[in-house]
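Coordinates as given in model.txt (compact mmCIF, C-alpha atoms and all ligand atoms):
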# COMPACT_ATOMS: atom_id res chain seq x y z
CA MET A 26 9.29 49.17 -24.50
CA LEU A 27 8.12 49.27 -28.09
CA LYS A 28 4.49 48.61 -28.90
CA LYS A 29 3.77 45.31 -30.63
CA MET A 30 2.53 46.92 -33.82
CA GLU A 31 5.55 49.18 -34.14
CA LEU A 32 7.80 46.23 -33.68
CA TYR A 33 6.11 44.28 -36.40
CA PHE A 34 7.85 46.09 -39.26
CA PHE A 35 11.16 46.05 -37.54
CA ILE A 36 10.85 42.30 -37.00
CA SER A 37 10.00 41.48 -40.60
CA LEU A 38 13.24 43.14 -41.50
CA LEU A 39 15.18 41.35 -38.80
CA GLU A 40 13.74 38.01 -39.81
CA PHE A 41 14.88 38.53 -43.35
CA VAL A 42 18.37 39.24 -42.08
CA ILE A 43 18.42 36.15 -39.87
CA THR A 44 17.13 33.71 -42.46
CA SER A 45 19.43 35.04 -45.15
CA GLU A 46 22.30 34.41 -42.71
CA GLY A 47 21.07 30.83 -42.60
CA ILE A 48 20.42 30.56 -38.87
CA GLU A 49 17.04 28.87 -39.20
CA SER A 50 17.91 25.52 -37.74
CA ARG A 51 17.45 26.46 -34.13
CA LYS A 52 16.36 23.78 -31.72
CA PHE A 53 13.06 24.79 -30.21
CA LYS A 54 12.29 23.85 -26.65
CA ASP A 55 8.91 22.44 -25.69
CA THR A 56 9.83 22.82 -22.03
CA ASP A 57 8.17 24.95 -19.42
CA CYS A 58 10.80 27.62 -19.47
CA PHE A 59 12.35 29.91 -22.04
CA ASP A 60 16.01 30.16 -22.83
CA VAL A 61 17.51 33.65 -22.51
CA ASP A 62 19.89 32.79 -25.32
CA ASP A 63 17.00 31.88 -27.58
CA ILE A 64 14.43 34.37 -26.55
CA SER A 65 11.78 33.49 -29.10
CA GLY A 66 12.39 29.73 -28.87
CA TYR A 67 9.79 28.92 -26.24
CA ARG A 68 7.50 26.14 -27.54
CA GLY A 69 5.74 25.18 -24.30
CA ILE A 70 2.00 25.00 -23.91
CA LYS A 71 1.27 27.79 -21.46
CA GLN A 72 -1.83 29.57 -22.68
CA LYS A 73 -2.49 32.15 -19.99
CA THR A 74 -0.96 35.48 -19.12
CA MET A 75 0.75 36.07 -15.80
CA ASN A 76 -2.54 37.38 -14.46
CA GLY A 77 -4.32 34.20 -15.44
CA TRP A 78 -6.13 35.59 -18.46
CA LYS A 79 -6.62 33.16 -21.29
CA CYS A 80 -4.65 33.80 -24.48
CA GLN A 81 -6.23 34.60 -27.82
CA MET A 82 -5.68 32.18 -30.72
CA TRP A 83 -2.85 33.56 -32.85
CA LYS A 84 -4.70 32.98 -36.10
CA ARG A 85 -7.81 34.78 -34.94
CA ASN A 86 -8.62 38.47 -34.94
CA LYS A 87 -10.94 38.31 -32.01
CA PRO A 88 -11.11 40.05 -29.68
CA TRP A 89 -7.98 41.82 -30.88
CA GLN A 90 -6.98 42.45 -34.45
CA HIS A 91 -3.26 41.96 -34.98
CA ASP A 92 -0.60 41.04 -37.50
CA PHE A 93 1.18 38.21 -35.74
CA LYS A 94 -0.38 35.49 -37.86
CA PRO A 95 1.12 31.99 -38.17
CA LYS A 96 1.31 32.42 -41.95
CA LYS A 97 3.30 35.57 -41.63
CA TYR A 98 5.58 34.12 -38.96
CA PRO A 99 5.90 30.48 -39.96
CA ASP A 100 8.94 29.95 -37.75
CA ALA A 101 7.57 31.57 -34.64
CA GLY A 102 5.59 28.55 -33.48
CA LEU A 103 2.29 30.45 -33.38
CA THR A 104 0.22 27.35 -32.67
CA LYS A 105 -3.17 27.58 -30.98
CA ASN A 106 -3.08 30.19 -28.25
CA TYR A 107 0.25 29.25 -26.76
CA CYS A 108 2.46 31.94 -25.27
CA ARG A 109 5.10 32.88 -27.82
CA ASN A 110 7.57 35.57 -28.63
CA PRO A 111 7.39 36.26 -32.37
CA ASP A 112 8.78 39.77 -31.98
CA ASN A 113 11.84 39.04 -29.83
CA ASP A 114 10.30 40.75 -26.86
CA THR A 115 11.92 40.10 -23.49
CA GLU A 116 9.82 36.97 -22.84
CA PRO A 117 6.82 34.98 -24.19
CA TRP A 118 3.51 36.81 -24.32
CA CYS A 119 0.10 36.57 -25.94
CA PHE A 120 -2.96 38.61 -26.80
CA THR A 121 -5.59 38.06 -24.14
CA VAL A 122 -9.27 37.30 -24.62
CA LYS A 123 -10.03 39.65 -21.77
CA THR A 124 -11.93 42.55 -23.31
CA SER A 125 -12.80 44.34 -20.11
CA ILE A 126 -9.31 45.69 -19.83
CA LYS A 127 -7.36 48.11 -21.96
CA LYS A 128 -4.36 45.86 -22.21
CA GLN A 129 -4.60 43.78 -25.38
CA TRP A 130 -1.68 41.56 -24.57
CA ASP A 131 0.48 40.60 -21.63
CA TYR A 132 3.47 38.51 -20.67
CA CYS A 133 2.79 34.93 -19.64
CA GLY A 134 5.19 34.75 -16.73
CA VAL A 135 7.04 31.82 -18.29
CA GLN A 136 10.16 31.27 -16.21
CA ARG A 137 13.68 31.51 -17.53
CA CYS A 138 15.21 28.06 -17.86
CA GLU A 139 18.09 28.64 -15.43
CA VAL A 140 15.62 29.64 -12.76
CA ILE A 141 13.71 26.39 -13.16
CA GLU A 142 16.90 24.36 -13.07
CA ALA A 143 17.95 26.12 -9.89
CA THR A 144 14.83 24.96 -8.07
CA PRO A 145 14.92 21.18 -7.66
CA ALA A 146 12.95 18.41 -9.29
CA PRO A 147 10.24 18.93 -11.85
CA LEU A 148 8.13 15.82 -12.39
CA ASN A 149 10.26 12.65 -12.36
CA GLU A 150 13.60 14.40 -12.50
CA THR A 151 14.82 13.45 -9.04
CA CYS A 152 12.35 11.12 -7.47
CA GLY A 153 11.90 7.80 -5.79
CA ILE A 154 15.34 7.63 -4.19
CA PRO A 155 15.28 7.76 -0.40
CA ASP A 156 18.46 8.85 1.42
CA ILE A 157 17.45 6.62 4.29
CA LEU A 158 17.20 2.92 3.58
CA SER A 159 14.65 0.55 5.05
CA VAL A 160 16.22 -2.08 7.36
CA SER A 161 15.85 -5.10 5.17
CA THR A 162 15.27 -5.11 1.45
CA ARG A 163 11.55 -4.52 0.95
CA GLN A 164 11.29 -7.45 -1.46
CA ILE A 165 12.22 -10.11 1.07
CA LYS A 166 10.34 -8.69 4.02
CA THR A 167 7.68 -11.23 4.98
CA VAL A 168 7.01 -10.64 8.65
CA GLY A 169 4.65 -8.72 10.21
CA GLN A 170 1.04 -5.34 10.90
CA ILE A 171 -0.78 -1.51 8.30
CA VAL A 172 -2.36 -5.15 8.51
CA GLY A 173 0.39 -7.76 8.76
CA GLY A 174 3.28 -5.33 8.31
CA VAL A 175 6.15 -3.71 10.17
CA GLU A 176 7.04 -0.24 11.43
CA SER A 177 8.91 1.66 8.72
CA VAL A 178 12.35 3.10 9.29
CA PRO A 179 11.73 6.85 9.84
CA GLY A 180 12.51 8.68 6.58
CA SER A 181 12.67 5.57 4.41
CA ILE A 182 9.36 6.47 2.69
CA PRO A 183 10.02 10.20 2.29
CA TRP A 184 7.12 10.71 -0.17
CA GLN A 185 4.52 9.55 2.34
CA ILE A 186 2.40 12.37 3.78
CA THR A 187 -0.60 12.63 6.09
CA ILE A 188 -3.70 14.64 5.35
CA GLN A 189 -5.28 16.22 8.41
CA MET A 190 -8.48 18.17 8.88
CA LYS A 191 -8.17 21.48 10.73
CA LEU A 192 -11.42 20.66 12.49
CA ASP A 193 -9.93 17.90 14.63
CA ASN A 194 -6.22 17.75 13.72
CA GLU A 195 -6.64 14.01 13.24
CA LEU A 196 -5.10 11.92 10.53
CA HIS A 197 -7.61 11.74 7.73
CA CYS A 198 -5.78 9.98 4.90
CA GLY A 199 -2.39 9.33 3.40
CA GLY A 200 -0.90 10.72 0.20
CA SER A 201 2.33 10.91 -1.82
CA ILE A 202 4.55 13.82 -2.82
CA ILE A 203 5.08 13.95 -6.60
CA THR A 204 6.46 17.50 -7.03
CA GLU A 205 7.27 20.47 -4.79
CA LEU A 206 3.69 21.61 -5.13
CA PHE A 207 1.62 18.48 -5.64
CA ILE A 208 0.38 15.54 -3.59
CA LEU A 209 -1.40 12.58 -5.12
CA THR A 210 -4.15 11.00 -3.03
CA ALA A 211 -7.53 9.28 -3.32
CA ALA A 212 -10.57 11.26 -4.43
CA HIS A 213 -12.69 9.66 -1.71
CA CYS A 214 -10.42 11.28 0.89
CA VAL A 215 -11.44 14.80 -0.09
CA TYR A 216 -14.80 14.24 -1.79
CA TYR A 217 -17.06 15.08 1.15
CA ASP A 218 -15.29 18.32 1.94
CA GLN A 219 -13.65 19.88 -1.08
CA THR A 220 -12.59 23.11 0.65
CA ALA A 221 -8.81 23.26 0.44
CA SER A 222 -8.52 25.58 3.45
CA ASN A 223 -10.10 22.96 5.72
CA TYR A 224 -7.11 20.67 5.35
CA TYR A 225 -3.39 20.68 5.86
CA ILE A 226 -0.74 18.08 5.20
CA ILE A 227 2.26 16.95 7.22
CA VAL A 228 5.38 15.81 5.39
CA GLY A 229 8.43 14.17 6.99
CA GLU A 230 6.14 12.51 9.54
CA HIS A 231 6.74 9.25 11.35
CA ALA A 232 5.31 9.05 14.91
CA LEU A 233 2.04 10.99 14.93
CA ASP A 234 2.16 11.90 18.63
CA THR A 235 5.80 12.97 18.75
CA SER A 236 7.57 15.92 17.24
CA GLU A 237 10.72 14.37 15.84
CA GLY A 238 12.00 17.47 14.13
CA ASN A 239 11.66 16.37 10.50
CA GLU A 240 7.99 17.23 10.08
CA ARG A 241 6.74 20.20 8.10
CA ARG A 242 3.19 21.36 7.76
CA TYR A 243 1.72 22.85 4.58
CA ASN A 244 -1.64 24.41 3.87
CA LEU A 245 -3.48 23.58 0.68
CA ALA A 246 -4.20 26.01 -2.11
CA GLN A 247 -6.31 23.70 -4.23
CA ILE A 248 -7.99 20.31 -4.39
CA ILE A 249 -8.30 18.78 -7.86
CA LEU A 250 -10.69 15.81 -7.91
CA HIS A 251 -10.85 13.54 -10.91
CA GLU A 252 -13.84 14.70 -12.96
CA ASN A 253 -15.14 11.13 -13.30
CA TYR A 254 -14.73 10.06 -9.69
CA ASP A 255 -17.81 7.98 -8.82
CA ASP A 256 -18.54 7.87 -5.11
CA MET A 257 -20.75 4.78 -5.48
CA THR A 258 -18.45 2.55 -7.48
CA VAL A 259 -15.25 4.35 -6.35
CA GLU A 260 -14.02 4.45 -9.93
CA ASN A 261 -11.31 7.01 -10.76
CA ASP A 262 -10.41 7.39 -7.11
CA ILE A 263 -7.66 9.95 -7.62
CA ALA A 264 -7.10 13.57 -6.62
CA LEU A 265 -4.29 16.11 -6.62
CA LEU A 266 -3.65 18.46 -3.74
CA LYS A 267 -1.72 21.64 -4.45
CA THR A 268 0.15 23.14 -1.52
CA GLN A 269 0.12 26.87 -0.88
CA ASN A 270 3.92 27.01 -0.69
CA GLU A 271 6.51 24.90 -2.41
CA MET A 272 7.62 22.07 -0.18
CA THR A 273 11.29 22.02 0.73
CA PHE A 274 12.79 18.61 0.13
CA THR A 275 15.07 17.08 2.76
CA SER A 276 16.22 13.53 3.50
CA TYR A 277 12.81 13.02 5.13
CA ILE A 278 10.79 14.79 2.44
CA LYS A 279 11.15 13.66 -1.17
CA PRO A 280 8.93 12.93 -4.17
CA ILE A 281 8.22 9.50 -5.62
CA CYS A 282 8.42 8.82 -9.37
CA LEU A 283 5.34 8.23 -11.47
CA PRO A 284 5.28 5.01 -13.49
CA GLU A 285 5.40 5.02 -17.25
CA ALA A 286 2.02 5.98 -18.72
CA ASP A 287 -0.27 2.99 -19.34
CA SER A 288 2.27 0.46 -18.05
CA LEU A 289 0.68 -2.52 -16.33
CA PRO A 290 2.00 -3.71 -12.95
CA VAL A 291 3.41 -7.23 -13.34
CA VAL A 292 1.14 -9.89 -11.84
CA GLY A 293 2.97 -11.68 -9.02
CA SER A 294 5.50 -8.90 -8.45
CA THR A 295 6.09 -7.56 -4.96
CA VAL A 296 4.90 -4.09 -3.99
CA THR A 297 4.84 -2.18 -0.71
CA VAL A 298 1.98 -0.24 0.84
CA SER A 299 2.39 2.14 3.77
CA GLY A 300 0.31 4.20 6.16
CA TRP A 301 -0.90 4.96 9.67
CA GLY A 302 -4.12 3.00 9.16
CA VAL A 303 -5.54 0.51 11.60
CA THR A 304 -3.65 -2.74 12.01
CA LYS A 305 -6.83 -4.82 12.27
CA GLN A 306 -10.17 -4.46 10.60
CA ASN A 307 -12.54 -2.30 12.72
CA ALA A 308 -9.86 -1.86 15.34
CA ARG A 309 -9.21 1.73 16.25
CA PRO A 310 -7.02 3.49 17.14
CA LEU A 311 -4.82 4.28 14.18
CA SER A 312 -1.20 3.26 14.27
CA ASN A 313 1.00 5.90 15.85
CA GLN A 314 4.02 4.99 13.72
CA LEU A 315 4.16 4.72 9.96
CA ARG A 316 3.96 1.06 8.93
CA GLU A 317 4.46 -0.82 5.71
CA VAL A 318 3.76 -4.26 4.32
CA SER A 319 4.87 -6.12 1.23
CA ILE A 320 2.15 -7.66 -0.89
CA VAL A 321 1.77 -9.06 -4.38
CA ILE A 322 0.06 -7.79 -7.55
CA VAL A 323 -3.05 -9.89 -8.31
CA ASP A 324 -4.34 -10.63 -11.80
CA ASN A 325 -6.90 -7.94 -12.59
CA ASN A 326 -9.50 -10.27 -14.15
CA LYS A 327 -9.28 -12.64 -11.25
CA CYS A 328 -9.82 -9.71 -8.90
CA GLN A 329 -12.74 -8.31 -10.92
CA ASN A 330 -14.41 -11.73 -11.02
CA LYS A 331 -14.05 -12.14 -7.28
CA LEU A 332 -14.96 -8.66 -6.02
CA ASN A 333 -17.28 -7.03 -8.55
CA SER A 334 -20.25 -9.37 -7.96
CA ILE A 335 -20.15 -8.96 -4.20
CA SER A 336 -19.57 -5.23 -3.89
CA ILE A 337 -21.02 -1.96 -5.09
CA GLU A 338 -17.49 -0.67 -5.46
CA GLN A 339 -16.10 -1.84 -8.78
CA VAL A 340 -12.66 -2.96 -9.82
CA THR A 341 -12.00 -1.53 -13.31
CA ASN A 342 -9.07 -1.82 -15.67
CA ASN A 343 -7.84 1.44 -14.17
CA ALA A 344 -7.45 -0.21 -10.79
CA VAL A 345 -4.91 -2.71 -9.55
CA CYS A 346 -5.45 -5.34 -6.85
CA ALA A 347 -2.76 -6.42 -4.43
CA GLY A 348 -2.57 -8.71 -1.43
CA ILE A 349 -1.72 -12.28 -0.54
CA TRP A 350 -4.43 -14.15 -2.44
CA SER A 351 -5.04 -17.37 -0.49
CA GLU A 352 -3.69 -16.60 2.96
CA GLY A 353 -4.64 -12.95 3.21
CA GLY A 354 -3.32 -11.37 6.40
CA LYS A 355 -1.42 -8.53 4.72
CA ASP A 356 -3.26 -5.48 3.51
CA SER A 357 -3.89 -1.79 3.81
CA CYS A 358 -6.91 -0.84 5.92
CA GLN A 359 -9.01 2.11 7.19
CA GLY A 360 -6.84 5.20 7.50
CA ASP A 361 -4.36 4.12 4.85
CA SER A 362 -6.49 5.53 2.03
CA GLY A 363 -4.81 7.88 -0.38
CA GLY A 364 -1.40 6.51 0.57
CA PRO A 365 1.19 4.92 -1.71
CA LEU A 366 1.50 1.44 -3.16
CA PHE A 367 5.02 1.48 -4.56
CA ALA A 368 7.70 -0.69 -6.09
CA GLU A 369 11.33 -0.39 -7.05
CA SER A 370 11.70 -0.09 -10.81
CA SER A 371 14.44 -1.59 -12.93
CA ASP A 372 16.46 1.64 -12.69
CA GLY A 373 16.43 1.52 -8.90
CA GLN A 374 13.92 4.28 -8.27
CA TYR A 375 10.62 3.81 -6.51
CA ASP A 376 7.51 4.27 -8.64
CA LEU A 377 4.04 5.07 -7.36
CA ILE A 378 2.11 2.06 -8.66
CA GLY A 379 -1.18 2.62 -6.83
CA ILE A 380 -3.22 4.73 -4.43
CA VAL A 381 -4.97 3.00 -1.49
CA SER A 382 -8.63 3.02 -2.50
CA TRP A 383 -10.89 0.34 -1.03
CA GLY A 384 -11.28 -3.26 0.08
CA ILE A 385 -13.76 -5.71 1.48
CA GLY A 386 -12.70 -5.89 5.08
CA CYS A 387 -8.95 -5.96 5.50
CA GLY A 388 -6.53 -8.82 4.99
CA LYS A 389 -9.16 -11.40 4.18
CA SER A 390 -8.36 -14.41 2.06
CA LYS A 391 -9.21 -13.97 -1.64
CA LYS A 392 -10.17 -10.30 -1.04
CA PRO A 393 -7.14 -8.27 -2.04
CA GLY A 394 -7.01 -4.54 -1.53
CA VAL A 395 -7.97 -2.32 -4.48
CA TYR A 396 -5.74 0.53 -5.59
CA THR A 397 -6.10 3.25 -8.18
CA ARG A 398 -3.64 2.34 -10.96
CA VAL A 399 -1.52 5.48 -11.28
CA SER A 400 -0.15 4.59 -14.73
CA ALA A 401 -3.68 4.98 -16.12
CA TYR A 402 -3.78 8.63 -15.05
CA ILE A 403 -0.43 10.05 -16.15
CA ASP A 404 -1.99 12.26 -18.82
CA TRP A 405 -4.58 13.48 -16.35
CA ILE A 406 -1.92 14.27 -13.74
CA GLU A 407 0.28 16.09 -16.24
CA SER A 408 -2.61 18.10 -17.62
CA LYS A 409 -3.46 19.32 -14.13
CA ILE A 410 0.08 19.97 -12.97
CA TYR A 411 1.13 21.89 -16.06
CA ASP A 412 -2.15 23.75 -16.43
N1 LIG B 501 -11.14 3.08 2.20
C1 LIG B 501 -10.14 2.90 3.21
C2 LIG B 501 -9.74 4.24 3.80
O1 LIG B 501 -10.46 5.19 3.61
C3 LIG B 501 -9.00 2.07 2.71
C4 LIG B 501 -9.36 0.68 2.68
C5 LIG B 501 -8.35 -0.21 2.10
N2 LIG B 501 -8.80 -1.51 2.38
C6 LIG B 501 -8.17 -2.63 2.06
N3 LIG B 501 -8.66 -3.73 2.45
N4 LIG B 501 -7.08 -2.59 1.35
O2 LIG B 501 -8.83 4.35 4.57

How does the structure come out when it is put into structure tokens?
Ligand code: ARG
Amino acid sequence: MLKKMELYFFISLLEFVITSEGIESRKFKDTDCFDVDDISGYRGIKQKTMNGWKCQMWKRNKPWQHDFKPKKYPDAGLTKNYCRNPDNDTEPWCFTVKTSIKKQWDYCGVQRCEVIEATPAPLNETCGIPDILSVSTRQIKTVGQIVGGVESVPGSIPWQITIQMKLDNELHCGGSIITELFILTAAHCVYYDQTASNYYIIVGEHALDTSEGNERRYNLAQIILHENYDDMTVENDIALLKTQNEMTFTSYIKPICLPEADSLPVVGSTVTVSGWGVTKQNARPLSNQLREVSIVIVDNNKCQNKLNSISIEQVTNNAVCAGIWSEGGKDSCQGDSGGPLFAESSDGQYDLIGIVSWGIGCGKSKKPGVYTRVSAYIDWIESKIYD
């Protein structure tokens, strides 16, 4: 392969040829992959080499002096320190800020687009559509134990997972699959022990004590807690778990969609919450089968006014309350934490509206359950997933 500096002169020439042919109006891709047919067209935001070294800013000469300056290559997309390919190399690369090594630059390991398309489902591409339907339509389901709910049809909530601790192999919390590598859960589930290797998750689970053949177990590579999680007030109760291996999706194992950023759940609309939590307040044991219950979104101010004066935990605008206001009787409870509060969206897919966070008792009148509002954290989630 040619050295970058040697290539520089060659490229200036080539660029002249291309622009004089009038082929400047290429469509650049700000995706996470590069197109083999447009080898310098990558406009994603990866800023690390394949070895994890941070990239040097293109306009800077530190630590490495070079000639690939944005001014000189105005069409090469040399913004910040993003991986780029101004010299038509085989793939995007960057100069690294690592000075302890001889190598001034390296490839970023950006995938080729076809490869990404061959592996299923990046965020929200195929999500929220179970193969297996729940018996009745979730919206009209009123019977019920979660608290006041019913047993779910196995496989009808394919994004639901359990978090277990290796110490005791017991169910610790719930969570939701959002991509092949990431689970969304509550920060309070993993706050006291943040060592990824102490946990594992089970996907495709229904009856905890039976092996039904659809379950898969994955170890965790990383726990990403929200930086502003407050263990006193339980604000920003959200965390991402990264699995060591990509999860294989099946009819029993599928991701849920994320809601539109900053969208507000409609007050009075029906949502479903699921988990293996206790079916009565302070009543162990946990439920052996996955259960679900339909509840209703409560006005946030009303909820704040009711709960914030009587509890240390605080309902914020980044939380959402749900329950049956006057009657109570339907709720999530201990053991459901981290699990999904979800609703069918207008396009027929299920969105992850909330994460089971906290409550005052379970199923009490005028004390709805409190959930982390996922739509308030879309930027945070994306920044962590695409890091
Ligand atoms: N914090 C509980 C857990 O760790 C979840 C409580 C939910 N309570 C409620 N009333 N909605 O499992």

All file atoms of ligand LIG 501 (chain B) boxed axis-aligned, 5 Å per side, centre plus edges, as JSON:
{"center_x": -9.1, "center_y": 0.7, "center_z": 3.0, "size_x": 14.1, "size_y": 18.9, "size_z": 13.2}

Just how far from CA of Arg241 in chain A is CA of Ile226 in chain A, in Å to one decimal? 8.3 Å

Please give me, as a ChimeraX atom specification, the residues lying within 6 Å of ligand LIG 501 (chain B) when counting only C-alpha atoms and all ligand atoms. /A:356-362,381-387,394-395

Taking only C-alpha atoms into account, which of A:Asn333, A:Lys97, A:Thr74, A:Asp92 comes nearest Lys128 in chain A? A:Thr74

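Between CA of Ser336 in chain A and CA of Tyr254 in chain A the separation is 17.1 Å.
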
At a cut-off of 6 Å from (6.7, 12.8, -3.7) in the coordinates of the file, what residues are picked up using all atoms listed in the file, written as a PyMOL selection string? chain A and resi 184+201-204+279-281

At a cut-off of 10 Å from (-6.9, -13.4, -0.5) in the coordinates of the file, what residues are picked up using all atoms listed in the file, written as an MDAnalysis selection string? chainID A and resid 323 328 331 347:356 387:394

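The nearest approach to Gly379 in chain A among the residues A:Gly200, A:Pro117, A:Gly238, A:Gly302, with all atoms listed in the file taken into account, belongs to A:Gly200.
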
N, CA and C atoms are what I want for range 93-109 of chain A; can you complete it accordingly and write them as a PDB file, in the frame of the given file?
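Contents of rebuild.pdb, as written:
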ATOM      1  N   PHE A  93       0.307  39.342 -36.035  1.00  0.00           N
ATOM      2  CA  PHE A  93       1.180  38.210 -35.740  1.00  0.00           C
ATOM      3  C   PHE A  93       0.499  36.897 -36.105  1.00  0.00           C
ATOM      4  N   LYS A  94       0.337  36.676 -37.394  1.00  0.00           N
ATOM      5  CA  LYS A  94      -0.380  35.490 -37.860  1.00  0.00           C
ATOM      6  C   LYS A  94       0.626  34.373 -38.188  1.00  0.00           C
ATOM      7  N   PRO A  95       0.225  33.126 -37.913  1.00  0.00           N
ATOM      8  CA  PRO A  95       1.120  31.990 -38.170  1.00  0.00           C
ATOM      9  C   PRO A  95       1.677  31.996 -39.589  1.00  0.00           C
ATOM     10  N   LYS A  96       0.854  32.419 -40.547  1.00  0.00           N
ATOM     11  CA  LYS A  96       1.310  32.420 -41.950  1.00  0.00           C
ATOM     12  C   LYS A  96       2.433  33.410 -42.172  1.00  0.00           C
ATOM     13  N   LYS A  97       2.310  34.535 -41.479  1.00  0.00           N
ATOM     14  CA  LYS A  97       3.300  35.570 -41.630  1.00  0.00           C
ATOM     15  C   LYS A  97       4.593  35.257 -40.881  1.00  0.00           C
ATOM     16  N   TYR A  98       4.430  34.484 -39.812  1.00  0.00           N
ATOM     17  CA  TYR A  98       5.580  34.120 -38.960  1.00  0.00           C
ATOM     18  C   TYR A  98       5.674  32.606 -38.858  1.00  0.00           C
ATOM     19  N   PRO A  99       5.945  31.938 -39.969  1.00  0.00           N
ATOM     20  CA  PRO A  99       5.900  30.480 -39.960  1.00  0.00           C
ATOM     21  C   PRO A  99       6.896  29.839 -38.993  1.00  0.00           C
ATOM     22  N   ASP A 100       7.933  30.554 -38.623  1.00  0.00           N
ATOM     23  CA  ASP A 100       8.940  29.950 -37.750  1.00  0.00           C
ATOM     24  C   ASP A 100       8.780  30.346 -36.287  1.00  0.00           C
ATOM     25  N   ALA A 101       7.703  31.054 -36.010  1.00  0.00           N
ATOM     26  CA  ALA A 101       7.570  31.570 -34.640  1.00  0.00           C
ATOM     27  C   ALA A 101       6.766  30.650 -33.743  1.00  0.00           C
ATOM     28  N   GLY A 102       6.312  29.522 -34.315  1.00  0.00           N
ATOM     29  CA  GLY A 102       5.590  28.550 -33.480  1.00  0.00           C
ATOM     30  C   GLY A 102       4.236  29.052 -32.993  1.00  0.00           C
ATOM     31  N   LEU A 103       3.558  29.846 -33.823  1.00  0.00           N
ATOM     32  CA  LEU A 103       2.290  30.450 -33.380  1.00  0.00           C
ATOM     33  C   LEU A 103       1.137  29.440 -33.465  1.00  0.00           C
ATOM     34  N   THR A 104       1.245  28.384 -32.692  1.00  0.00           N
ATOM     35  CA  THR A 104       0.220  27.350 -32.670  1.00  0.00           C
ATOM     36  C   THR A 104      -0.820  27.691 -31.619  1.00  0.00           C
ATOM     37  N   LYS A 105      -2.054  27.360 -31.919  1.00  0.00           N
ATOM     38  CA  LYS A 105      -3.170  27.580 -30.980  1.00  0.00           C
ATOM     39  C   LYS A 105      -3.060  28.941 -30.299  1.00  0.00           C
ATOM     40  N   ASN A 106      -3.194  28.923 -28.974  1.00  0.00           N
ATOM     41  CA  ASN A 106      -3.080  30.190 -28.250  1.00  0.00           C
ATOM     42  C   ASN A 106      -1.920  30.137 -27.262  1.00  0.00           C
ATOM     43  N   TYR A 107      -0.886  29.404 -27.665  1.00  0.00           N
ATOM     44  CA  TYR A 107       0.250  29.250 -26.760  1.00  0.00           C
ATOM     45  C   TYR A 107       1.057  30.549 -26.658  1.00  0.00           C
ATOM     46  N   CYS A 108       1.599  30.775 -25.495  1.00  0.00           N
ATOM     47  CA  CYS A 108       2.460  31.940 -25.270  1.00  0.00           C
ATOM     48  C   CYS A 108       3.688  31.826 -26.172  1.00  0.00           C
ATOM     49  N   ARG A 109       3.974  32.889 -26.885  1.00  0.00           N
ATOM     50  CA  ARG A 109       5.100  32.880 -27.820  1.00  0.00           C
ATOM     51  C   ARG A 109       5.774  34.232 -27.815  1.00  0.00           C
TER      52      ARG A 109
END
